$ cat model17.txt   # compact mmCIF, C-alpha atoms
# COMPACT_ATOMS: atom_id res chain seq x y z
CA MET G 1452 -24.14 1.61 -16.32
CA LYS G 1453 -23.40 0.57 -19.89
CA GLN G 1454 -20.25 1.69 -21.68
CA ARG G 1455 -18.58 0.98 -25.00
CA LEU G 1456 -16.01 -1.81 -24.74
CA SER G 1457 -13.16 0.40 -25.96
CA GLN G 1458 -14.03 2.95 -23.25
CA ILE G 1459 -14.11 0.22 -20.60
CA LEU G 1460 -10.63 -0.95 -21.60
CA PHE G 1461 -9.38 2.64 -21.59
CA SER G 1462 -10.76 3.25 -18.08
CA GLN G 1463 -9.07 0.07 -16.84
CA GLY G 1464 -5.61 1.13 -18.01
CA PHE G 1465 -5.15 -0.77 -21.27
CA GLY G 1466 -3.72 2.21 -23.14
CA THR G 1467 -5.03 4.98 -25.36
CA ARG G 1468 -8.50 4.77 -26.87
CA ARG G 1469 -6.93 3.85 -30.22
CA LEU G 1470 -4.89 1.05 -28.65
CA CYS G 1471 -7.96 -0.25 -26.80
CA ALA G 1472 -10.01 -0.29 -30.00
CA GLY G 1473 -7.14 -2.14 -31.68
CA LEU G 1474 -7.17 -4.82 -28.98
CA VAL G 1475 -10.84 -5.43 -29.72
CA TRP G 1476 -10.44 -5.39 -33.52
CA ASN G 1477 -7.58 -7.90 -33.21
CA GLY G 1478 -9.79 -10.35 -31.32
CA GLU G 1479 -7.81 -10.14 -28.07
CA VAL G 1480 -10.81 -9.33 -25.87
CA SER G 1481 -13.48 -11.78 -24.79
CA ILE G 1482 -16.42 -11.66 -22.41
CA ASP G 1483 -18.13 -14.77 -21.02
CA GLY G 1484 -15.84 -16.87 -23.20
CA ASN G 1485 -16.89 -15.15 -26.42
CA VAL G 1486 -14.55 -12.97 -28.48
CA VAL G 1487 -15.91 -9.47 -28.99
CA ASP G 1488 -14.59 -7.68 -32.09
CA ASP G 1489 -16.74 -4.54 -32.00
CA PRO G 1490 -15.16 -1.68 -29.96
CA ASP G 1491 -18.54 0.05 -29.81
CA ALA G 1492 -20.38 -2.92 -28.29
CA GLU G 1493 -21.86 -1.84 -24.96
CA PHE G 1494 -21.69 -3.74 -21.68
CA ASP G 1495 -22.87 -3.13 -18.13
CA THR G 1496 -19.71 -2.45 -16.10
CA GLN G 1497 -21.27 -3.62 -12.81
CA GLY G 1498 -19.60 -6.92 -11.97
CA LEU G 1499 -18.15 -7.19 -15.46
CA ARG G 1500 -15.21 -9.53 -16.02
CA PHE G 1501 -13.34 -9.60 -19.32
CA THR G 1502 -10.30 -11.32 -20.75
CA VAL G 1503 -7.46 -9.54 -22.57
CA GLY G 1504 -4.71 -11.60 -24.15
CA GLY G 1505 -5.82 -14.65 -22.19
CA GLN G 1506 -5.78 -12.94 -18.78
CA GLU G 1507 -9.03 -12.27 -16.94
CA TRP G 1508 -9.67 -8.86 -15.41
CA PRO G 1509 -12.47 -7.54 -13.18
CA CYS G 1510 -13.87 -4.12 -13.98
CA PHE G 1511 -13.59 -1.63 -11.10
CA ASP G 1512 -14.35 2.08 -11.21
CA LYS G 1513 -11.52 2.50 -8.69
CA ALA G 1514 -8.77 -0.06 -8.18
CA LEU G 1515 -7.80 -1.32 -4.73
CA ILE G 1516 -4.85 -3.70 -4.64
CA LEU G 1517 -3.28 -5.71 -1.80
CA LEU G 1518 0.42 -6.38 -2.38
CA ASN G 1519 2.76 -8.55 -0.32
CA LYS G 1520 5.70 -6.16 -0.43
CA PRO G 1521 9.13 -7.81 -0.41
CA ALA G 1522 12.25 -6.17 0.99
CA GLY G 1523 14.35 -4.11 -1.41
CA TYR G 1524 11.52 -2.07 -2.99
CA GLU G 1525 10.65 1.60 -2.53
CA CYS G 1526 7.07 2.88 -2.22
CA SER G 1527 7.72 5.67 -4.70
CA GLN G 1528 6.93 6.49 -8.32
CA LYS G 1529 10.50 7.81 -8.61
CA PRO G 1530 12.72 5.49 -6.55
CA LYS G 1531 16.26 6.57 -5.70
CA HIS G 1532 18.14 3.45 -4.61
CA HIS G 1533 15.87 0.43 -5.14
CA PRO G 1534 13.18 -0.65 -7.65
CA SER G 1535 9.69 0.78 -7.18
CA VAL G 1536 6.88 -1.41 -5.88
CA MET G 1537 5.08 -0.32 -9.07
CA SER G 1538 7.38 -2.63 -11.03
CA LEU G 1539 5.66 -5.56 -9.30
CA LEU G 1540 2.30 -4.63 -10.85
CA PRO G 1541 1.06 -5.27 -14.40
CA ALA G 1542 1.05 -2.41 -16.90
CA PRO G 1543 -2.72 -1.67 -16.77
CA LEU G 1544 -2.55 -0.95 -13.03
CA ARG G 1545 0.46 1.32 -13.49
CA GLU G 1546 -1.25 3.02 -16.41
CA ARG G 1547 -4.34 3.88 -14.37
CA GLY G 1548 -2.13 5.51 -11.72
CA VAL G 1549 -2.42 3.42 -8.58
CA GLN G 1550 -0.41 4.75 -5.62
CA PRO G 1551 0.57 3.25 -2.27
CA ILE G 1552 -1.72 4.05 0.65
CA GLY G 1553 0.99 5.20 3.01
CA ARG G 1554 4.52 3.90 2.70
CA LEU G 1555 6.69 1.06 3.91
CA ASP G 1556 10.47 1.52 4.07
CA GLU G 1557 12.47 -0.33 1.43
CA ASP G 1558 13.58 -2.94 3.99
CA THR G 1559 10.07 -3.40 5.46
CA THR G 1560 7.93 -6.28 4.20
CA GLY G 1561 4.24 -7.12 4.29
CA LEU G 1562 0.81 -5.78 3.47
CA LEU G 1563 0.74 -2.72 1.23
CA LEU G 1564 -2.47 -1.30 -0.23
CA LEU G 1565 -2.47 0.63 -3.51
CA THR G 1566 -5.30 2.53 -5.19
CA ASP G 1567 -6.13 5.19 -7.76
CA ASP G 1568 -8.81 6.62 -5.45
CA GLY G 1569 -7.44 9.85 -3.94
CA ALA G 1570 -10.29 10.21 -1.45
CA LEU G 1571 -9.67 6.68 -0.16
CA ILE G 1572 -5.95 7.39 0.27
CA HIS G 1573 -6.79 10.41 2.41
CA ARG G 1574 -9.35 8.51 4.46
CA LEU G 1575 -7.02 5.59 5.19
CA THR G 1576 -3.94 7.69 6.01
CA SER G 1577 -5.58 10.43 8.10
CA PRO G 1578 -5.02 9.83 11.85
CA LYS G 1579 -8.53 11.09 12.65
CA HIS G 1580 -10.06 8.00 11.01
CA HIS G 1581 -8.19 5.67 13.43
CA VAL G 1582 -7.36 2.89 10.97
CA PRO G 1583 -5.10 0.45 12.85
CA LYS G 1584 -1.93 -0.90 11.26
CA VAL G 1585 -0.19 -3.89 12.87
CA TYR G 1586 3.59 -4.30 12.69
CA GLU G 1587 5.87 -7.12 13.78
CA ALA G 1588 9.30 -5.82 14.78
CA ARG G 1589 12.19 -8.19 15.36
CA CYS G 1590 14.38 -6.35 17.84
CA LYS G 1591 18.10 -6.55 18.58
CA HIS G 1592 17.78 -6.80 22.38
CA PRO G 1593 15.32 -8.70 24.62
CA LEU G 1594 12.04 -6.92 25.19
CA THR G 1595 10.70 -6.08 28.63
CA PRO G 1596 7.23 -5.28 30.00
CA ALA G 1597 8.54 -1.82 30.86
CA MET G 1598 9.30 -1.18 27.18
CA ALA G 1599 5.77 -2.17 26.18
CA GLU G 1600 4.32 0.08 28.88
CA GLN G 1601 6.39 3.01 27.64
CA LEU G 1602 5.19 2.48 24.07
CA LEU G 1603 1.56 2.43 25.23
CA ALA G 1604 2.03 5.57 27.35
CA GLY G 1605 3.78 7.47 24.54
CA VAL G 1606 7.41 8.15 23.67
CA GLU G 1607 9.25 11.13 22.25
CA LEU G 1608 10.52 10.53 18.74
CA LYS G 1609 13.96 11.79 17.86
CA GLU G 1610 14.63 13.06 14.34
CA PRO G 1611 16.25 10.34 12.19
CA GLU G 1612 19.87 11.03 11.28
CA ASP G 1613 19.17 11.04 7.54
CA LYS G 1614 16.48 13.70 8.05
CA LEU G 1615 18.74 15.80 10.28
CA ARG G 1616 21.40 15.81 7.57
CA ARG G 1617 18.90 17.38 5.17
CA GLU G 1618 17.82 20.12 7.60
CA PRO G 1619 19.49 23.52 7.08
CA GLN G 1620 21.59 24.80 9.98
CA GLY G 1621 19.79 27.12 12.37
CA LYS G 1622 16.31 26.04 11.26
CA PHE G 1623 13.45 26.65 13.73
CA GLN G 1624 13.39 23.91 16.38
CA ARG G 1625 10.25 21.77 16.16
CA PRO G 1626 8.32 20.88 19.33
CA PRO G 1627 8.83 17.30 20.64
CA GLU G 1628 7.01 14.67 18.59
CA ILE G 1629 5.14 12.18 20.77
CA SER G 1630 3.79 8.85 19.54
CA LYS G 1631 2.02 6.09 21.40
CA ALA G 1632 0.96 2.61 20.43
CA GLU G 1633 -2.64 1.44 20.43
CA ALA G 1634 -1.36 -2.01 21.44
CA ALA G 1635 2.08 -3.42 22.24
CA GLU G 1636 2.45 -7.19 22.64
CA ILE G 1637 5.68 -9.05 23.36
CA ALA G 1638 5.28 -12.14 21.14
CA ASP G 1639 8.62 -13.67 22.11
CA GLU G 1640 11.91 -12.53 23.60
CA THR G 1641 12.76 -10.18 20.70
CA LEU G 1642 9.52 -9.99 18.68
CA LEU G 1643 7.25 -7.00 19.28
CA ARG G 1644 3.74 -6.79 17.83
CA LEU G 1645 2.79 -3.12 17.63
CA THR G 1646 -0.53 -1.55 16.60
CA LEU G 1647 -0.46 2.09 15.44
CA LEU G 1648 -3.13 4.52 14.31
CA GLU G 1649 -0.69 6.96 12.70
CA GLY G 1650 1.86 6.72 9.92
CA LYS G 1651 4.89 8.87 10.68
CA TYR G 1652 8.33 8.75 9.09
CA HIS G 1653 10.21 5.61 10.29
CA GLN G 1654 7.72 5.56 13.17
CA VAL G 1655 8.15 2.00 14.45
CA LYS G 1656 11.94 2.16 14.30
CA ARG G 1657 11.97 5.52 16.11
CA MET G 1658 9.52 4.35 18.79
CA VAL G 1659 11.54 1.22 19.49
CA ALA G 1660 14.74 3.29 19.61
CA ALA G 1661 13.06 5.63 22.11
CA VAL G 1662 12.71 2.75 24.61
CA GLY G 1663 16.33 1.68 24.21
CA ASN G 1664 16.06 -1.06 21.63
CA ARG G 1665 16.63 -1.41 17.88
CA VAL G 1666 14.52 -2.83 15.04
CA GLU G 1667 16.42 -5.44 13.06
CA ALA G 1668 13.54 -6.47 10.76
CA LEU G 1669 10.03 -5.08 10.26
CA HIS G 1670 6.92 -6.69 8.78
CA ARG G 1671 3.30 -5.47 8.46
CA PRO G 1672 0.78 -8.34 8.53
CA GLN G 1673 -2.39 -6.26 8.90
CA PHE G 1674 -3.95 -2.99 7.68
CA GLY G 1675 -7.34 -2.23 9.21
CA ALA G 1676 -9.41 -5.43 9.02
CA LEU G 1677 -7.32 -6.80 6.14
CA SER G 1678 -4.70 -9.42 6.94
CA LEU G 1679 -1.95 -10.59 4.63
CA PRO G 1680 -3.18 -13.85 3.02
CA ALA G 1681 -1.00 -16.81 3.97
CA ASP G 1682 -0.88 -18.01 0.34
CA LEU G 1683 0.21 -14.65 -1.12
CA LYS G 1684 3.94 -14.84 -1.77
CA PRO G 1685 6.28 -11.81 -1.55
CA GLY G 1686 5.88 -9.76 -4.71
CA GLU G 1687 2.40 -11.11 -5.45
CA TRP G 1688 -0.81 -9.07 -5.38
CA ARG G 1689 -4.57 -9.48 -5.52
CA TRP G 1690 -7.67 -7.34 -5.87
CA VAL G 1691 -9.64 -6.09 -2.88
CA ALA G 1692 -13.29 -6.18 -3.94
CA SER G 1693 -14.40 -3.17 -1.89
CA PRO G 1694 -12.88 -0.54 0.44
CA SER G 1695 -15.42 -1.72 3.03
CA GLU G 1696 -13.19 -4.78 3.56
CA VAL G 1697 -10.64 -2.52 5.23
CA TRP G 1698 -13.20 -1.64 7.91
CA ALA G 1699 -15.02 -4.99 8.05
$ encode --input "model17.txt" --output "structure tokens"
Amino acid sequence: MKQRLSQILFSQGFGTRRLCAGLVWNGEVSIDGNVVDDPDAEFDTQGLRFTVGGQEWPCFDKALILLNKPAGYECSQKPKHHPSVMSLLPAPLRERGVQPIGRLDEDTTGLLLLTDDGALIHRLTSPKHHVPKVYEARCKHPLTPAMAEQLLAGVELKEPEDKLRREPQGKFQRPPEISKAEAAEIADETLLRLTLLEGKYHQVKRMVAAVGNRVEALHRPQFGALSLPADLKPGEWRWVASPSEVWA
């Protein structure tokens, strides 16, 4: 489908329509190596790549980003104690409203997906769609086969202390919350590789605590069929060409 260049820039998060037209008038936008100075020039958005201020951008109706999340960042638009992961992204992605698909704790590292596609967020976070997430938990104490068996069978999750402190006294008691792992592999004496289909609050830490151990460090190397690229450094990001790559 063809669109005016100023509208394309607007849809990709480069500011207001007036600002986008100004970028074109000022000669800051080029396509196929040629500067385009007419905001009303039309281009087919399918597979379109354009350059703004010397940086090349692909054109996507909906953005899907893979970020190597470092420790010390919150997966929130309004962080409380640490910087937001949004600060690791360029302004156009923030402007178009990408959000994390699920959350990683501020001290958890690894693969984080972000998108501005609300339907995709729902599909990838809903337990009924069974999208596996793989976590690597470095534990305080040696792991045992019995611990792995318990995690596979299902464990009762206790409420985290920080959540209990926020609960009003005398509130209705919730039924026990049970979680089980899809896979639980002991990689070495204290390294647990856990595959989950859900995404509950502090889930890995609570599951490991339920079998008598403690998570000292947590990393997510895989989300669905996507693995964290070995050459993607903490804090760096890249485009995911299609949501189908998550299920590939």
$ closest_residue --input "model17.txt" --among "G:Lys1631, G:Ile1637, G:Leu1564, G:Ser1481" --to "Ala1514 of chain G" --atoms "only C-alpha atoms"
G:Leu1564
$ residues_around --input "model17.txt" --residues "segment 1496-1508 of chain G" --least-positions-apart "5" --cutoff "12 Å" --atoms "only C-alpha atoms" --output "PyMOL selection string"
chain G and resi 1452-1460+1462-1465+1471+1473-1475+1477-1487+1514+1541+1543-1544+1689-1690+1692-1693
$ residues_around --input "model17.txt" --residues "Leu1603 of chain G" --least-positions-apart "2" --cutoff "7 Å" --atoms "only C-alpha atoms" --output "ChimeraX atom specification"
/G:1599-1601,1605,1631-1635
$ closest_atom_pairs --input "model17.txt" --of "segment 1463-1575 of chain G" --to "segment 1580-1597 of chain G" --cutoff "9 Å" --atoms "all atoms listed in the file" --output "JSON lines"
{"residue": "G:Gly1561", "atom": "CA", "partner": "G:Tyr1586", "partner_atom": "CA", "distance": 8.9}
{"residue": "G:Arg1574", "atom": "CA", "partner": "G:His1580", "partner_atom": "CA", "distance": 6.6}
{"residue": "G:Leu1575", "atom": "CA", "partner": "G:Val1582", "partner_atom": "CA", "distance": 6.4}
$ write_last_selection --input "model17.txt" --atoms "C-alpha atoms" --output "PDB file, in the frame of the given file"
ATOM      1  CA  GLY G1561       4.240  -7.120   4.290  1.00  0.00           C
ATOM      2  CA  ARG G1574      -9.350   8.510   4.460  1.00  0.00           C
ATOM      3  CA  LEU G1575      -7.020   5.590   5.190  1.00  0.00           C
TER       4      LEU G1575
END
$ atom_distance --input "model17.txt" --atom1 "atom CA of Gly1686 of chain G" --atom2 "atom CA of Pro1521 of chain G"
5.7 Å
$ atom_distance --input "model17.txt" --atom1 "atom CA of Leu1608 of chain G" --atom2 "atom CA of Tyr1652 of chain G"
10.1 Å
$ atom_distance --input "model17.txt" --atom1 "atom CA of Glu1649 of chain G" --atom2 "atom CA of Leu1555 of chain G"
12.9 Å
$ closest_residue --input "model17.txt" --among "G:Gly1466, G:His1533, G:Ser1577, G:Gly1675" --to "Arg1545 of chain G" --atoms "all atoms listed in the file"
G:Gly1466
$ residues_around --input "model17.txt" --residues "Arg1554 of chain G" --least-positions-apart "5" --cutoff "10 Å" --atoms "all atoms listed in the file" --output "PyMOL selection string"
chain G and resi 1525-1527+1559+1563-1565+1576+1650-1653
